Every structure is written in C-alpha cells, then in structure tokens.
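The next block holds one structure in the form of structure tokens; read it before the comments.
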Amino acid sequence: MTLHDHLPALAVVVPLMAAPVIVALRRPTAAWAVAVAVSWACLAISGQLLQSVLANGPFSYLLGGWAAPWGIEYRVDPVDAFVLVIVSAIAAVVSLYAKTSVAKEIDPDRQYLFYAMYVLCLCGLLGMAITGDAFNVFVFLEISSLSTYVLVALGRDRRALTAAFRYLVLGTVGATFYVIGIGLAYMMTGTLNMADMAERLPAVAHTSTVRAALAFLVVGIGLKMAAFPLHLWLPNAYAHAPSVATAFLAGTATKVSVYVLLRIVLGVFGGTGLLTALPLMELLMAMALAGMFVGSAVAIWQPDLKRALAYSSVAQIGYILLGIAFLSETGLAAAIVHLFNHAIMKTALFLALGAIVFRLGSARIEDIAGIGRRMPLTMAAVLVAGLSLIGVPLTVGFVSKWYLVEAAIGAGLWPVAVAILLSSLLAVAYVWRIVEAAWFAKPSDKALAATEAPTALIVPTWAMAGAAVWFGVDATGTMGVARAAAAALLKGVAP
Amino acid sequence: MTPPVLMLLALLLPLVAVGPILMARRNPNLREAVSLAAAAVLFAVVLGLFGPVAAGERPELVLVEMLPGLSLALKLEPLGMLFALVASALWPVTTLYAVGYMRGHHEKNQTRFYAFFAVAIAAAMGIAMAGNMLTLFVFYEVLTICTFPLVTHAGTAEAKKAGRVYLGILIGTSVVFQLLAIVWTWAAAGTLDFVPGGILAGKVSDGAVAVLFALYVFGVGKAAVMPFHRWLPAAMVAPTPVSALLHAVAVVKAGVFTVLKVTVYVFGLDLLAATGGGTWLVWVAGFTIIAASVVALTKDNLKARLAYSTISQLSYVVLGAALLAPVSVLGAAVHIAAHAVGKITLFFAAGAVMVASHKTEVSQLAGIGRRMPWTMGAFAVGALSMIGLPPTAGFVSKWYVLSGAVETGQMLAVAVVVASTLLNAGYFLPIVYSAFFGREVHDGHHHDHGEAPWPSVAALTLTAAATVALFLMPDWAIGLAGDLVGR
C-alpha cells in the first residue's frame, strides 16, 4: 500500500499526533505554525478524498487491516468527503487568522494549549465524519467535545468558565444518550459497524429496545447539534469563547453533529421503516420550525452580537433539520448544502466579529456604533455575510433557501414554504440592526479610537465572505455534491 | 460588436465606472466627468442594440449557471429594449442634473452617491435584459439593496426610518410573495425562461393561476400596487436626483416592467384570459389609481404629491396589463416611457425649486414661475403629460390603454381612466396656475433667487423636450410595444 491508500487514517492521525507535539513545543509561534501546517495538511487530504470518491465511488479503509465488521472500518462516501472538506477548509482558514487574535485574547503561557486543543478538536470532528463504526463515532465525539470545553474555557472573561461548564454538563448528557442508544442497538444486533448494523436492524425493528435506541440517539445527537429546544449550551459557549474558537466551532462542530444525525438516523435506521412508522419526521419538523422562529426572534434583541449570531445559529440549524425532515431528495440536498453554506457565512461573521473584538475589546451593539467608517473592510464583510444569512440572491444563503422552499412545495407543505420565507425576514431584522448601528449611529467612544483591523484578520475573513458570494453565484458544484450525497443517503431509507 | 457583447457591456459598464468614480473622490470635476462619460457611453451601447432588436433579433447570453439547470442569462426582447433605452437615456441627463443639484444643495458623501447610482443603473440594465425569472429576481434584489444607501443618503433619523420602510416592504414582498411564486413556477413548469405565450399553460390549475398571479403582482413591491405602496413616499427623503431617476424611472419602472413581463411571458395573455386569473387586478389597479390620486390631492409637500402621483401612474401600466387586451398591453408598455420622461421632469423641477428657493411645499410656490420660467415651464409640460393631454407623451399611452378598455368592454376601467384624468388635472393644474399667475408671498425666510444652477435647468429642459418629442415621434416605442404583443 502506498501513502495515498492510507489517506483516510492520516486525516485523523496527523492532527492527533500534532497535539502532543504542540504541547512539547510550547512556544506560541511554533505551536501556531504546527496548527497551521496540520490544518492545511488535513484540507489537502480531505480534498484528495473528495476527488477520489467523486471519481471512483465510495471506498473503505480497514484500520489496522482488521476486516469489518470486527475491525474498525473507515468508510468514505460523498457525504463524508463533503463534510471532511467543509471542516478542514474552515480549520485551515481560521488557523491563519488565529495567530493575531489569539495573541490578543489569550495569555502567552496558555496559547500552546489553545493550539493543542484546536488540532485535537479538528481530529475529533474529522474522525466523526470518516468513521464507519458507531462506537468509534462516540470516541471521536468525546475527543472533539472535551477539547471544545477547554477551548471555550480559555475565554478571557470569567463567564467563559460557567459557559464551558454548562456546555460540559449538557454535552456529556448528549454523549451519554448517544452511547446508550448505540448500546441498545448493539444489544439487538451484536455489531457496531454501521453498514452491518443497518442490515441487521430491520429484523428487530419491531422491538421497543430498537425504538428506545432511536429515541436516545436522536435526543443525544440533537443536544450536540443544538437543535431547538436542546440548544441551551450554545449561546453562552459561543459568546464567551475566544473569537477564534467561536469562529471555528460555529462553522464545524454543530455541522458534524448534523452529519452524525444523517448517518445514524437515515443511514443506520433508515431501513427499519421506523422513520415513517413513528412521527419522527413530524417531530423534527416541529423542532426545526420552532428553532427557526425562536432563534431568529431572540437574536433580534441580543445586545451582544456574538450572542445574537449564536442564536442565529440555532435558527440556521433549524433550516438544516427542516430539510432533513422532508425526507425527500431535494430536502436532504438543501440540508446538506446548507451545512456547507451556513458554515461559510457563519465563520465569516464570527471572524469579522473577532476583528471587531480585536480593536474594540467588545462586540456589543452600543460599542460598534459608528464603526462602519472606521473599519470599512471588516464591516463590509459583516454586511456580505449578513446578506447571505438573510438569503439574498448571489449569496450562498439564497441557494439554501431556494431548495428548501422547493422541497416544501414538492412535499405540498405550503404553510412550511411560507414559514421558511417569513423566518428569513427575521434575519433582516437582526442583520439590519447591525447595519444601522454601524453606519447610522453616532460613533461610540470605542469606535472613535478604532482603526481598520490588521491584514492578518481581514484576509481570512474576506476569504470566507468571498466564498459566500462565490458559491452563491455558481452553486452547481456544491449542489452537485449535495444531490449526490442526498441520493446516496436516501437509498437506504425504506419507504 | 455583436449584440451579445453589447449586452454584456451594458451590464458591466456602469459597474466598471464605480472604480474610477471612487478613485476620483478627491476631484469632483473628474468624478462627475467619469459619471457623465459612463452614462453617455452606456446610452450609445444600448442604442446600438435597438437596431437589431427592432429588426426582430433576440440576442442571448448566458452569464453563469447559478443553480443546476438554472442560469443567470440575458435575453433582450422588445419590452426590455424599451425599458433599457428609457433608463439609459435618462441616466446621463440625471447625472447632468445631479451635478447642479448636489453642489447647489451642498450634499455630503457625493462620491458614495455617484458610485451607488452607477450600481443601481447596472441593476436596472440587468432587469431589462434578464433572460429568465431567476435572473430578473436577482437583479431586482440587487437594485433594492444598492438603492438603500441612496435613500438613506442624509443619514438622519428620518432617513433611517424611511430606509426601514423602504427595505421592509421591498424585501418583505419580494421574499415572501415573489420568491415563493418563482419557486412554485419552477416546480410546476420546470423552466423559468421568458417565452412568448407563457410557460404555465396546462401546468397549474385554473384556480392556482389567480393565486400565483397575485403572488407575482404583490411580490413586485416596486410596482407600488396598493397596499404595498408605502415605501415610495418614504423614499422621497432621498436627494432629488435619486427620486427623479430611481423613484420615477429605474426602480418603479423595474416594478411595472416585471409585472408586464410576467403577464406576457410567464402566464401569457391567453392563459390569464381563459382562466379569469387577472380579473381581480383590474379592480386593485383601478383602486390604486384613484386612491393614490385622492391622496396626492391632499399632499402639500411637492415631492410627496409627486410620489403619490407616481403610485397612481404606475397602476396605469398594471391596469393595461390586467385588461389583457393586446392594445392595452401595448399602451402599458409605451406608458413606461411616457411616464418616465414626464415624471422625471416634474421631479427635476421640484428639486430645482428646492435648490434655488429652499421651498418644498406646494402652498409656497405662488408666483415662482416668474423667477424660474424655464423650470416651471418644464413643470407645466410634465403636468400635461401626467394628465394625458396633447402635445405630450402621456396622451399617447393613455389613448392605447383606454382603447383596450373600450375594446374589451370593461367600463370600470374606462371610468377609472376618466376619473383619474380629472383628479390629475385637479392636483397639477393649480400648481402651474399659481406659479405663473399667483402673487409671491414674502414670509421673510426666502430671499431673492433666480433659476437653479445651469446643469439642472439644462437637464429639465431636455426631459421636457423629450416629453413633447415622444408625442410627436412615438413610433419607435409603439413599434417595440407592438412587437411585444405581436401586433
């Protein structure tokens, strides 16, 4: 076997091994350099994997050469590869931004910890996406979660500690539910390999054990992905974490959890017929709609913009969940493409907010008053990504909205189609509040003293904002992958 | 250059001009020279397209495949040609006017003004040349967003409030109604191309046609059909050149243009006539024409009166479409041009009065015609065109709309047109009369003044002349509108 054949394992092993190296190096600049190198290496690996899966179809990698279902199987299909690329691309761009921002927000003697956790978190997220083993998902879930708690706790505000603690408690509940669910499914099938489990579950689908397993899994994953009303850990965690951590997590962590939901609920339980026998999709749809409206409405009133955007994430997760709940190819494609689209625009926004925090020391609405003229490039990025949140044409947000509405119409759910459009108007309210504060309000004292953010922050921010436009003008590539992924996922779902 | 290249040029030229405009921000003369030059070249480019389109050519150009199977594409047909000609012809004139106005009025942030103005024109060109409904929608939204900084140019609390109304209604209607209608059309017909005769026949049920048509009409908030008209009076807080070119020509005409385009190319007159899906619109448009005129009567602020007059006049176009008679649709298309030249003249005059005398209310205008004969003379021409009297352009288009109403025997529409003619006379003629024959009131605040700066006067004289010229030589517009309905 050549090195190329080991790419699936390398995607996980490289960041995992990098963590102790960073701890050993300790020097902030060296630690950062390793984190950058690892993130870009992971992006290169993920890109390779996506390319080969699109060219040659799905393939498996047997860890340690042990054949599935006994050994751990890494399975790469279009969905995995797409998620891998999203996560590692965001990690790569954010890593470039990290040096300047982290230097400002975290004490020098702790910075190496930040970078060590950063690559560990990346390792966990990539592992969840690539593995084909249900228990292995749990392992990587814990790797990413534990490192995330540390990342949040590194926020310089003491409130970061309570936020991290709350996240720790709820995150652990979620992980525990997940492992209970997998345990029950294992009890009934005797296997942990997802493909194997999917084959054996239909035979025992009528048992209440399997139904309980599904329930535990949905709630557990729902907690990790912050689906309304299981989102309570998210606003504080995003608001008080270091800016870099927020940007990275907002674009990746919840997205990978959505991926796990797709994998487990559709991929593993799809063949059991339970998805339609139980009112599960109706439940998901209700959660999605409630999240879309409540998340956006709450976002309008938040004085702290990081919190406002965190609530906006709750709403956006609602859109993704809604797409899944349609259980149609268009709906699933909309959900999957929105994974990507939302990751891009939210990362752009949190990076821009990080640049504002870098200059002002705060991202409160009263402090950013009049900032539009002082930091024109940063605020222009906020505007572009904000327009994308609203779903204005020529941005990625429009693409997601289009397919969600098409899926709703295709399912004959007219009120839902109207609800999608109405809820996007709430985004106008919370985005325009920022616009009015930045360009119309009298400059605050902090804004008067501010100047444009350093280039090291502007460039990654605009890379993301630019991507939000690029993939909005030409969405054929992303939609092509999303459609292929949706079709692959739906194949296993019993009617 | 081939027509597709010219189309691309028409779209990109105003955008490219933004760069030099921004770079010349320290040198106002150069900045405005760039604006004027870009505007003049754009007009020449659009004029270059007129010949081929009038000869029956329909140039096409795919910009980019945006969603799988759905492209951003341009395709120029007669109605778009008409709209593009009107908007591009009035851009240089407005720029000339703006030079006098913005300096005379000591406006701030003039560079930003000229830059966004150019983007707005590019968006208008995109709307005019849109080859399918998705492309039209994209440029429609771009136009909304890039005019927001123009509307809120003053940056005051009042401007901010007006901006909220502007954005709220235009974005709200376009997202909730229009986008829903477009996705629905896409789901039902499998295409969004503009095809003569429509794309929906046999694809949706008869009852759904009326609902879908309503989603389109109300989704196009820029057409200002009541009850979604409030953004237009709110937008009057903008500098007058913006009100003149955008809120009398580019933006509002983009609205009624979209309504006409959807009527003819998405539904098709036959489908709407067969299903009765457009009948309700005669009532709504008729109501808007009358109600807006009545409100205009009560407005003392000149720009507010003009804004309500615009709402009323826009619904003439909508009415012409709703009548579904080819001759009334022809009239509606011609009215896009006729109302444009007349109303821009009126706004230019209102702005010139504001710059020269700082007067904004109708009641202050007594005797001003003797101080500003050119301005108020032009105003009189514009007023005649609004009423629909010869020798002005308004007569031509009103004639065709009225013929269509008579031809189809829709007496309600006839009554609306007659009543609104009287109302228009009621709120325009007293202004003209008192300007020339009234006695000037001296309230101590206003000083001696003459005409506004010469560029502004030159601009409004030009548009007044165009209003008369369109009456004398309407053939080109009637020809294009005739091609639209196949007459």
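Chain labels run A, B, ... following the order of the structure tokens; each chain numbers its residues from 1, and ligands are numbered from 1 in the order shown.
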Can you write out as a tab-separated table which residues of chain B fall within 9 Å of chain A, alongside each residue's closest atom pair and its distance in Å to one decimal, counting only C-alpha atoms and ordering rows by chain and ascending residue number?
```
residue	atom	partner	partner_atom	distance
B:Val64	CA	A:Asp474	CA	6.8
B:Glu65	CA	A:Asp474	CA	6.1
B:Met66	CA	A:Asp474	CA	4.4
B:Leu67	CA	A:Thr476	CA	5.2
B:Pro68	CA	A:Thr476	CA	5.0
B:Gly69	CA	A:Thr476	CA	8.5
B:Leu72	CA	A:Val473	CA	8.7
B:Phe137	CA	A:Pro393	CA	8.0
B:Val138	CA	A:Pro393	CA	5.4
B:Phe139	CA	A:Pro393	CA	8.5
B:Glu141	CA	A:Pro393	CA	7.1
B:Val142	CA	A:Pro393	CA	7.9
B:Gly155	CA	A:Phe440	CA	6.0
B:Thr156	CA	A:Phe440	CA	7.6
B:Ala157	CA	A:Phe440	CA	8.2
B:Lys160	CA	A:Phe440	CA	7.3
B:Arg164	CA	A:Trp432	CA	8.7
B:Gly168	CA	A:Val428	CA	8.3
B:Ile171	CA	A:Leu425	CA	8.1
B:Gly172	CA	A:Leu425	CA	6.6
B:Val175	CA	A:Leu421	CA	6.3
B:Val176	CA	A:Leu421	CA	5.3
B:Phe177	CA	A:Val418	CA	8.6
B:Leu179	CA	A:Trp402	CA	8.3
B:Leu180	CA	A:Val405	CA	7.4
B:Val183	CA	A:Glu406	CA	6.0
B:Trp184	CA	A:Ile409	CA	6.9
B:Trp186	CA	A:Glu406	CA	8.4
B:Ala187	CA	A:Glu406	CA	6.8
```
Legend entry - Shell around segment 144-148 of chain B at 9 Å using only C-alpha atoms, local window under 6 positions removed, as number ranges by chain: B: 116-117, 119-120, 123, 163, 166-167, 170-171, 222, 242, 246, 251
Legend entry - Atom pair atom CA of Asp107 of chain A / atom CA of Tyr238 of chain A: separation (Å):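 Computed distance, atom CA of Asp107 of chain A to atom CA of Tyr238 of chain A, equals 19.6 Å.
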Inset, instruction - For Gly426 of chain B, list every protein, DNA or RNA residue within 10 Å, evaluated using only C-alpha atoms, and leave out those in the same chain fewer than 6 positions away; present the list as a VMD selection string. - result: chain B and resid 293 to 294 296 to 297 387 420
Please, could you write that set of residues out with N, CA and C atoms as a compact mmCIF listing (two decimals), in the first residue's frame?
```txt
# COMPACT_ATOMS: atom_id res chain seq x y z
N SER B 293 -54.43 59.08 -6.33
CA SER B 293 -54.69 60.43 -6.81
C SER B 293 -55.36 61.26 -5.74
N VAL B 294 -56.32 60.63 -5.03
CA VAL B 294 -57.01 61.37 -3.97
C VAL B 294 -56.03 61.77 -2.88
N ALA B 296 -52.86 62.23 -3.29
CA ALA B 296 -51.99 63.27 -3.86
C ALA B 296 -52.62 64.64 -3.72
N LEU B 297 -53.94 64.71 -3.90
CA LEU B 297 -54.65 65.98 -3.77
C LEU B 297 -54.41 66.62 -2.40
N ILE B 387 -51.55 64.38 -16.93
CA ILE B 387 -52.99 64.42 -17.17
C ILE B 387 -53.34 63.63 -18.43
N SER B 420 -59.48 59.52 -13.18
CA SER B 420 -58.13 59.86 -12.75
C SER B 420 -57.58 61.02 -13.57
```
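Closest to Gly331 of chain B among B:Gly367, B:Gly394, B:Gly202, B:Pro196 is B:Gly394, based on only C-alpha atoms.
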Legend entry - Neighbour list for Ala437 of chain A as an MDAnalysis selection string, cut-off 7 Å, only C-alpha atoms, skip fewer than 2 positions in-chain: chainID A and resid 365 368:370 433:435 439:441
For the residues selected in the previous step, produce a file with N, CA and C atoms as a CSV table (one decimal), in the first residue's frame.
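Final output, again05.csv:
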```csv
chain,number,residue,atom,x,y,z
A,365,ILE,N,-23.6,45.9,20.8
A,365,ILE,CA,-24.2,46.7,19.8
A,365,ILE,C,-23.9,48.2,20.0
A,368,ILE,N,-20.3,49.1,18.8
A,368,ILE,CA,-20.0,49.1,17.4
A,368,ILE,C,-20.7,50.3,16.7
A,369,ALA,N,-21.3,51.1,17.5
A,369,ALA,CA,-22.0,52.3,16.8
A,369,ALA,C,-21.0,53.1,16.0
A,370,GLY,N,-21.3,53.4,14.8
A,370,GLY,CA,-20.4,54.2,14.0
A,370,GLY,C,-19.2,53.6,13.5
A,433,ARG,N,-30.1,45.6,12.1
A,433,ARG,CA,-29.8,46.3,13.4
A,433,ARG,C,-28.3,46.6,13.4
A,434,ILE,N,-27.5,45.6,13.0
A,434,ILE,CA,-26.1,45.8,12.9
A,434,ILE,C,-25.7,46.9,11.9
A,435,VAL,N,-26.4,46.9,10.7
A,435,VAL,CA,-26.1,47.9,9.7
A,435,VAL,C,-26.4,49.3,10.2
A,439,TRP,N,-23.5,52.1,10.6
A,439,TRP,CA,-23.4,53.2,9.6
A,439,TRP,C,-24.3,54.4,10.0
A,440,PHE,N,-25.3,54.3,10.8
A,440,PHE,CA,-26.1,55.4,11.1
A,440,PHE,C,-26.0,56.0,12.5
A,441,ALA,N,-25.5,55.2,13.4
A,441,ALA,CA,-25.5,55.7,14.8
A,441,ALA,C,-24.3,56.6,15.0
```
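What separates atom CA of Val237 of chain B from atom CA of Ala159 of chain B is a distance of 6.1 Å.
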Inset, instruction - Take atom CA of Pro235 of chain A and atom CA of Ala129 of chain A and report the distance between them in Å, one decimal. - result: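 Straight-line distance from atom CA of Pro235 of chain A to atom CA of Ala129 of chain A works out to 24.4 Å.
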Inset, instruction - Among the residues of segment 262-394 of chain B, find those DSSP assigns to helix (DSSP H, G or I) from the backbone and print them as an NGL selection string. - result: :B and (262-267 or 269-275 or 279-298 or 302-323 or 326-357 or 362-364 or 368-371 or 373-387 or 393-394)
Inset, instruction - Excluding Arg307 of chain A and residues on its chain fewer than 6 positions from it, collect all residues at most 10 Å away from it, counting only C-alpha atoms, and give them as a PyMOL selection string. - result: chain A and resi 234-240+298-299+301+313+363-364
Quick one: residues within 12 Å of Met376 of chain B, only C-alpha atoms, excluding same-chain residues fewer than 4 positions away - as a short mmCIF file (atom, residue, chain, number, x, y, z; two decimals) with C-alpha atoms, in the first residue's frame?
```cif
data_model
loop_
_atom_site.label_atom_id
_atom_site.label_comp_id
_atom_site.auth_asym_id
_atom_site.auth_seq_id
_atom_site.Cartn_x
_atom_site.Cartn_y
_atom_site.Cartn_z
CA THR B 345 -39.21 66.43 -15.50
CA LEU B 346 -41.54 67.10 -12.60
CA PHE B 347 -39.01 65.82 -10.06
CA PHE B 348 -36.21 67.78 -11.67
CA ALA B 349 -38.36 70.89 -11.40
CA ALA B 350 -39.24 70.19 -7.77
CA GLY B 351 -35.55 69.74 -6.95
CA ALA B 352 -34.57 72.86 -8.86
CA VAL B 353 -37.11 74.86 -6.88
CA LEU B 365 -44.96 78.20 -4.91
CA ALA B 366 -47.21 81.14 -5.79
CA GLY B 367 -45.51 83.37 -8.32
CA ILE B 368 -42.36 81.28 -8.56
CA GLY B 369 -42.88 80.83 -12.30
CA ARG B 370 -41.78 84.38 -12.88
CA ARG B 371 -38.48 83.79 -11.08
CA MET B 372 -37.89 80.36 -12.61
CA ALA B 380 -46.15 72.51 -16.90
CA VAL B 381 -45.16 70.17 -19.73
CA GLY B 382 -44.69 67.32 -17.26
CA ALA B 383 -48.05 68.07 -15.65
CA PHE B 428 -51.36 69.58 -11.07
CA LEU B 429 -53.02 72.49 -12.82
CA ILE B 431 -49.66 74.43 -9.09
CA VAL B 432 -48.94 75.60 -12.63
CA TYR B 433 -51.57 78.29 -12.47
CA SER B 434 -50.42 79.77 -9.17
CA ALA B 435 -46.76 79.56 -10.15
CA PHE B 436 -47.32 81.81 -13.12
CA PHE B 437 -50.30 83.90 -12.10
CA GLY B 450 -33.38 83.06 -9.97
CA GLU B 451 -33.09 79.72 -11.70
CA ALA B 452 -31.25 76.74 -10.22
CA VAL B 457 -32.01 73.70 -15.78
CA LEU B 460 -35.05 69.53 -17.02
CA THR B 461 -35.40 71.40 -20.30
CA ALA B 464 -39.45 68.38 -21.05
#
```
Inset, instruction - Would you kindly return, as a list of chain:residue names, each protein, DNA or RNA residue with an atom no farther than 10 Å from any atom of Ala212 of chain A, considering only C-alpha atoms and excluding same-chain residues fewer than 6 positions away? - result: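 Close residues of Ala212 of chain A: A:Ile180, A:Gly181, A:Leu184, A:Ala185, A:Val218.
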Just-selected residues, C-alpha atoms written as a short mmCIF file (atom, residue, chain, number, x, y, z; two decimals), in the first residue's frame:
```
data_model
loop_
_atom_site.label_atom_id
_atom_site.label_comp_id
_atom_site.auth_asym_id
_atom_site.auth_seq_id
_atom_site.Cartn_x
_atom_site.Cartn_y
_atom_site.Cartn_z
CA ILE A 180 -26.85 4.40 25.47
CA GLY A 181 -28.57 4.42 22.10
CA LEU A 184 -29.16 -0.73 22.90
CA ALA A 185 -28.70 -1.14 19.18
CA VAL A 218 -31.98 11.47 18.31
#
```
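You can rank B:Leu143, B:Ala189, B:Val329, B:Met102 by their closest distance to Leu484 of chain B using only C-alpha atoms, and at the top of that list sits B:Val329.
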Legend entry - Nearest to Ala393 of chain B, chosen from B:Ala38, B:Val209, B:Leu63, B:Leu470, with only C-alpha atoms counted in the distances: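 So, comparing all the options, the nearest one is B:Leu470.
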Legend entry - For Leu306 of chain B, the nearest of the candidates B:Ala415, B:Leu13, B:Met133, B:Met386, counting only C-alpha atoms: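 Under the stated criterion, the closest residue is B:Met386.
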